[in-house]
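Have a look at model31.cif below; it lists mmCIF, C-alpha atoms.
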```
data_work
#
loop_
_atom_site.label_atom_id
_atom_site.label_comp_id
_atom_site.auth_asym_id
_atom_site.auth_seq_id
_atom_site.Cartn_x
_atom_site.Cartn_y
_atom_site.Cartn_z
CA TYR A 135 2.58 40.51 14.10
CA LEU A 136 1.89 39.81 10.42
CA ASP A 137 2.51 43.50 9.70
CA LEU A 138 6.10 43.10 10.94
CA CYS A 139 7.10 40.14 8.77
CA ASP A 140 5.96 38.04 5.85
CA LEU A 141 3.55 35.14 6.25
CA ASN A 142 6.20 32.41 6.00
CA THR A 143 8.29 34.02 8.72
CA ALA A 144 5.24 34.47 10.94
CA LEU A 145 4.31 30.82 10.51
CA ALA A 146 7.85 29.67 11.20
CA ASN A 147 8.01 31.82 14.34
CA TYR A 148 4.68 30.49 15.55
CA ASN A 149 5.81 26.91 14.98
CA LYS A 150 9.00 27.58 16.97
CA ALA A 151 7.04 29.18 19.80
CA ALA A 152 4.56 26.29 19.88
CA THR A 153 7.44 23.81 20.03
CA MET A 154 9.08 25.74 22.89
CA ILE A 155 5.78 25.96 24.80
CA ALA A 156 5.18 22.23 24.31
CA ALA A 157 8.71 21.47 25.53
CA GLU A 158 7.88 23.28 28.76
CA GLY A 159 4.82 21.07 29.22
CA GLU A 160 2.26 23.72 28.29
CA ARG A 161 -0.10 23.88 25.33
CA PRO A 162 -0.23 26.81 22.93
CA ASP A 163 -3.51 28.70 22.59
CA HIS A 164 -6.00 26.38 20.85
CA THR A 165 -7.69 29.12 18.80
CA LEU A 166 -4.37 30.42 17.52
CA THR A 167 -3.22 26.90 16.70
CA GLU A 168 -6.35 26.24 14.64
CA THR A 169 -6.00 29.58 12.88
CA VAL A 170 -2.39 28.84 11.94
CA ALA A 171 -3.44 25.35 10.79
CA ARG A 172 -6.06 26.96 8.53
CA VAL A 173 -3.43 29.32 7.13
CA HIS A 174 -1.17 26.35 6.31
CA ASP A 175 -4.15 24.63 4.67
CA ALA A 176 -4.95 27.75 2.62
CA LYS A 177 -1.30 28.02 1.60
CA GLY A 178 -1.38 24.36 0.56
CA LEU A 179 -4.51 24.93 -1.51
CA ALA A 180 -2.87 27.87 -3.28
CA LEU A 181 0.21 25.75 -4.04
CA LEU A 182 -2.00 22.87 -5.17
CA ASP A 183 -3.87 25.23 -7.49
CA ASN A 184 -0.54 26.33 -8.98
CA GLY A 185 0.61 22.74 -9.52
CA ASP A 186 3.25 22.76 -6.77
CA PHE A 187 2.20 19.41 -5.33
CA ASP A 188 5.32 18.90 -3.23
CA GLY A 189 5.01 22.35 -1.66
CA ALA A 190 1.31 21.77 -1.05
CA ILE A 191 2.03 18.50 0.75
CA VAL A 192 4.52 20.27 3.03
CA ALA A 193 1.91 22.93 3.87
CA PHE A 194 -0.79 20.31 4.48
CA ASN A 195 1.61 18.35 6.71
CA GLU A 196 2.21 21.51 8.76
CA SER A 197 -1.54 22.00 9.10
CA LEU A 198 -2.10 18.39 10.14
CA SER A 199 0.65 18.60 12.74
CA LEU A 200 -1.36 21.32 14.47
CA LEU A 201 -4.78 19.68 14.26
CA GLY A 202 -6.23 16.75 16.15
CA ARG A 203 -8.44 14.07 14.61
CA ASN A 204 -11.52 16.08 13.71
CA GLN A 205 -13.53 17.07 10.67
CA GLU A 206 -11.13 19.90 9.89
CA SER A 207 -8.14 17.53 9.83
CA SER A 208 -10.16 15.30 7.51
CA ASN A 209 -10.62 18.25 5.15
CA VAL A 210 -6.86 18.84 5.14
CA ARG A 211 -6.29 15.11 4.49
CA LEU A 212 -8.64 15.36 1.50
CA HIS A 213 -6.61 18.29 0.18
CA ARG A 214 -3.35 16.39 0.75
CA ALA A 215 -4.80 13.36 -1.06
CA LEU A 216 -5.42 15.59 -4.08
CA ALA A 217 -1.78 16.71 -3.97
CA PHE A 218 -0.62 13.10 -3.74
CA MET A 219 -2.81 12.29 -6.73
CA GLY A 220 -1.12 15.14 -8.60
CA LEU A 221 2.19 13.36 -7.97
CA ASP A 222 0.67 9.99 -9.01
CA ASN A 223 1.29 8.72 -5.48
CA THR A 224 -1.92 6.75 -5.33
CA ALA A 225 -0.89 4.73 -2.29
CA ALA A 226 -0.42 7.86 -0.15
CA ALA A 227 -3.62 9.43 -1.51
CA ALA A 228 -5.59 6.27 -0.74
CA ALA A 229 -4.08 6.14 2.78
CA ASP A 230 -5.31 9.68 3.48
CA LEU A 231 -8.75 8.92 2.10
CA GLU A 232 -8.96 5.69 4.11
CA ARG A 233 -8.06 7.61 7.29
CA ILE A 234 -10.88 10.05 6.59
CA HIS A 235 -13.24 7.12 6.15
CA ASP A 236 -11.94 5.38 9.29
CA ALA A 237 -12.47 8.56 11.33
CA ASP A 238 -16.14 8.65 10.24
CA HIS A 239 -15.59 11.99 8.50
CA ALA A 240 -16.10 10.72 4.96
CA THR A 241 -17.82 12.99 2.49
CA ALA A 242 -19.22 12.22 -0.93
CA ASP A 243 -16.11 13.87 -2.42
CA SER A 244 -13.63 11.83 -0.38
CA LEU A 245 -15.50 8.59 -1.12
CA PHE A 246 -15.68 9.44 -4.84
CA LEU A 247 -11.91 10.00 -4.92
CA LEU A 248 -11.35 6.77 -3.01
CA ALA A 249 -13.50 4.94 -5.57
CA ARG A 250 -11.41 6.40 -8.40
CA LEU A 251 -8.19 5.32 -6.71
CA HIS A 252 -9.54 1.82 -6.15
CA LEU A 253 -10.39 1.64 -9.84
CA GLN A 254 -6.87 2.74 -10.77
CA ASN A 255 -5.51 -0.02 -8.54
CA HIS A 256 -7.91 -2.59 -10.07
CA ARG A 257 -9.78 -3.03 -6.79
CA LEU A 258 -13.16 -3.10 -8.49
CA ALA A 259 -15.33 -4.32 -5.61
CA ASP A 260 -13.78 -1.74 -3.26
CA ALA A 261 -14.37 0.95 -5.88
CA ARG A 262 -18.02 -0.05 -6.18
CA GLU A 263 -18.42 -0.01 -2.39
CA ALA A 264 -16.84 3.45 -1.97
CA LEU A 265 -18.88 4.80 -4.87
CA GLY A 266 -22.08 3.39 -3.38
CA GLN A 267 -21.30 5.11 -0.08
CA ALA A 268 -20.61 8.39 -1.89
CA LEU A 269 -23.98 8.18 -3.61
CA GLU A 270 -25.69 7.34 -0.32
CA LEU A 271 -24.33 10.60 1.08
CA ASP A 272 -25.15 12.62 -2.03
CA ALA A 273 -27.33 10.90 -4.64
CA GLY A 274 -26.84 13.85 -6.99
CA HIS A 275 -23.03 13.99 -6.80
CA ALA A 276 -22.38 14.64 -10.49
CA GLN A 277 -18.97 13.00 -10.73
CA ALA A 278 -20.06 9.96 -8.71
CA VAL A 279 -23.12 9.52 -10.96
CA LEU A 280 -20.89 9.68 -14.05
CA LEU A 281 -18.48 7.16 -12.54
CA ARG A 282 -21.34 4.82 -11.61
CA ASP A 283 -22.64 4.99 -15.18
CA ALA A 284 -19.16 4.36 -16.57
CA MET A 285 -18.72 1.37 -14.26
CA GLN A 286 -22.07 -0.06 -15.38
CA ASP A 287 -21.07 0.44 -19.03
CA SER A 288 -17.74 -1.29 -18.36
CA ALA A 289 -19.53 -4.18 -16.65
CA ALA A 290 -21.72 -4.59 -19.73
CA THR A 291 -18.61 -4.58 -21.95
CA TYR A 292 -16.92 -7.20 -19.76
CA GLU A 293 -20.09 -9.28 -19.93
CA ASP A 294 -20.26 -9.05 -23.74
CA GLU A 295 -16.58 -9.92 -24.06
CA ALA A 296 -17.02 -12.87 -21.70
CA ILE A 297 -19.72 -14.29 -23.96
CA LYS A 298 -17.48 -13.92 -27.03
CA LEU A 299 -14.54 -15.50 -25.22
CA MET A 300 -16.72 -18.39 -24.07
CA LEU A 301 -17.87 -19.01 -27.64
CA LEU A 302 -14.24 -19.00 -28.78
CA GLY A 303 -13.36 -21.55 -26.10
CA HIS A 304 -11.34 -19.23 -23.86
CA VAL A 305 -13.08 -20.19 -20.65
CA ASP A 306 -10.45 -18.82 -18.24
CA LYS A 307 -10.48 -15.40 -19.87
CA ALA A 308 -14.29 -15.44 -19.97
CA ILE A 309 -14.44 -16.16 -16.24
CA THR A 310 -12.00 -13.31 -15.56
CA ASN A 311 -14.20 -10.93 -17.53
CA LEU A 312 -17.34 -12.15 -15.79
CA SER A 313 -15.65 -11.65 -12.41
CA SER A 314 -14.77 -8.08 -13.37
CA ALA A 315 -18.34 -7.47 -14.53
CA VAL A 316 -19.70 -8.76 -11.22
CA ASP A 317 -17.24 -6.63 -9.25
CA LEU A 318 -18.27 -3.52 -11.18
CA ASP A 319 -22.03 -4.11 -11.25
CA PRO A 320 -23.32 -7.16 -9.35
CA MET A 321 -26.93 -6.10 -9.98
CA SER A 322 -26.58 -6.28 -13.75
CA ALA A 323 -29.62 -7.95 -15.26
CA GLY A 324 -27.42 -9.93 -17.64
CA LEU A 325 -25.43 -11.45 -14.79
CA ARG A 326 -28.40 -12.62 -12.74
#
```
Now that the file is in, can you turn its structure into structure tokens?
Amino acid sequence: YLDLCDLNTALANYNKAATMIAAEGERPDHTLTETVARVHDAKGLALLDNGDFDGAIVAFNESLSLLGRNQESSNVRLHRALAFMGLDNTAAAAADLERIHDADHATADSLFLLARLHLQNHRLADAREALGQALELDAGHAQAVLLRDAMQDSAATYEDEAIKLMLLGHVDKAITNLSSAVDLDPMSAGLR
């Protein structure tokens, strides 16, 4: 069939056929549905790679509409989260990553991205928790290790600043900095 038309037309025709079959109370062939979902995912990845985040999200949405809640749908959600991040839509990206986590399909990559989003949203304790889970899954995850080290360095900076602020009599600001340090690295020797 793909020899007779372009990929977009073939996908549109399949989607129409699947809708018609579903309207008659039947289910389209499961293998074909998964294959088409993978094609939409691959198309989304190509668009994502070219910086067309909106187009990628549309393709990922098409893929997700064909998949159930399984590991493969979690992979597509991870891809869609990356596209949302490209659009600076951190809330939508975090929602996708949380759904992956809630479905027990989290990977070190998805947890690392969730940690980064939590940091961007100033949810330090949540970032630390997601990062810790990522490192539990893959202790050698290079980006997660770098982020952990950066968070520990930031905690040390907050701690140093808190001491300076305390000496200057700015107790409220010092407490805020100490709270941030604890959220980032509760095991810090200086905070014990």
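Atom to atom, CA of Val210 in chain A and CA of Lys177 in chain A stand 11.3 Å apart.
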task: Determine, counting only C-alpha atoms, every residue of protein, DNA or RNA that lies within 12 Å of (-2.3, 19.2, 14.4) in the file coordinates, then give the result as a ChimeraX atom specification.
output: /A:149,152,162,164,166-172,174-175,193-204,206-208,210-211
query: Out of A:Ile234, A:Leu312, A:Ala229, A:Ala268, which residue has the shortest atom-to-atom distance to Leu251 in chain A when counting all atoms listed in the file?
result: A:Ala229
task: Grab the CA of Asp230 in chain A to CA of Gln254 in chain A distance for me, in Å with one decimal place.
output: 15.9 Å
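All polymer residues at most 12 Å from (-20.1, 12.4, 4.2), using all atoms listed in the file, appear as Gln205, Ser208, Asn209, Ile234, His235, Asp236, Ala237, Asp238, His239, Ala240, Thr241, Ala242, Asp243, Ser244, Leu245, Phe246, Ala264, Leu265, Gly266, Gln267, Ala268, Leu269, Glu270, Leu271, Asp272, Ala273 and His275 of chain A.
Each of A:Gly185, A:Ala278, A:Gln286, A:Ala215 was compared to Glu232 in chain A using only C-alpha atoms, and A:Ala215 turns out to be the nearest.
With only C-alpha atoms as the atoms that count, the minimum distance from Asp283 in chain A to the choices A:Leu258, A:Leu318, A:Val305, A:Ala228 is reached by A:Leu318.
Rounded to one decimal, CA of Ser288 in chain A and CA of His213 in chain A lie 29.2 Å from each other.
Candidate residues A:Arg214, A:Lys150, A:Arg250, A:Lys307 were compared for distance to Gln277 in chain A, and the nearest is A:Arg250, using all atoms listed in the file.
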- request: Write out as a ChimeraX atom specification which residues come within 12 Å of Thr291 in chain A when counting all atoms listed in the file, dropping same-chain ones fewer than 3 positions away.
  value: /A:284-288,294-298,308,311-312,314-316,318-319,322,324
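Using all atoms listed in the file, the smallest distance between any of A:Leu247, A:Gly220, A:Leu299, A:Ile309 and Leu281 in chain A comes from A:Leu247.
The residue that comes closest to Val279 in chain A, out of A:Leu179, A:Asn255, A:Tyr292, A:Ala249 and on the basis of all atoms listed in the file, is A:Ala249.
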With N, CA and C atoms retained, output range 138-153 of chain A as a short mmCIF file (atom, residue, chain, number, x, y, z; two decimals), in the first residue's frame.
```
data_model
loop_
_atom_site.label_atom_id
_atom_site.label_comp_id
_atom_site.auth_asym_id
_atom_site.auth_seq_id
_atom_site.Cartn_x
_atom_site.Cartn_y
_atom_site.Cartn_z
N LEU A 138 1.77 2.81 -3.27
CA LEU A 138 0.74 3.51 -4.03
C LEU A 138 0.53 4.95 -3.59
N CYS A 139 1.02 5.31 -2.40
CA CYS A 139 0.84 6.68 -1.92
C CYS A 139 1.97 7.04 -0.96
N ASP A 140 2.03 8.29 -0.60
CA ASP A 140 3.08 8.72 0.32
C ASP A 140 2.73 8.30 1.75
N LEU A 141 3.69 8.39 2.64
CA LEU A 141 3.54 7.93 4.00
C LEU A 141 2.40 8.65 4.73
N ASN A 142 2.32 9.97 4.57
CA ASN A 142 1.27 10.72 5.26
C ASN A 142 -0.12 10.29 4.82
N THR A 143 -0.29 10.04 3.53
CA THR A 143 -1.58 9.59 3.03
C THR A 143 -1.89 8.19 3.55
N ALA A 144 -0.89 7.32 3.57
CA ALA A 144 -1.10 5.97 4.08
C ALA A 144 -1.50 6.00 5.55
N LEU A 145 -0.86 6.85 6.32
CA LEU A 145 -1.20 6.96 7.74
C LEU A 145 -2.61 7.52 7.92
N ALA A 146 -2.95 8.53 7.14
CA ALA A 146 -4.28 9.11 7.24
C ALA A 146 -5.34 8.08 6.86
N ASN A 147 -5.08 7.31 5.82
CA ASN A 147 -6.04 6.28 5.40
C ASN A 147 -6.18 5.19 6.46
N TYR A 148 -5.07 4.81 7.06
CA TYR A 148 -5.15 3.80 8.12
C TYR A 148 -5.97 4.33 9.29
N ASN A 149 -5.72 5.58 9.68
CA ASN A 149 -6.46 6.16 10.80
C ASN A 149 -7.96 6.20 10.50
N LYS A 150 -8.32 6.54 9.27
CA LYS A 150 -9.75 6.55 8.88
C LYS A 150 -10.33 5.15 8.94
N ALA A 151 -9.59 4.18 8.44
CA ALA A 151 -10.08 2.80 8.46
C ALA A 151 -10.23 2.31 9.89
N ALA A 152 -9.27 2.62 10.74
CA ALA A 152 -9.35 2.19 12.14
C ALA A 152 -10.55 2.81 12.82
N THR A 153 -10.82 4.08 12.52
CA THR A 153 -11.99 4.76 13.10
C THR A 153 -13.28 4.11 12.62
#
```
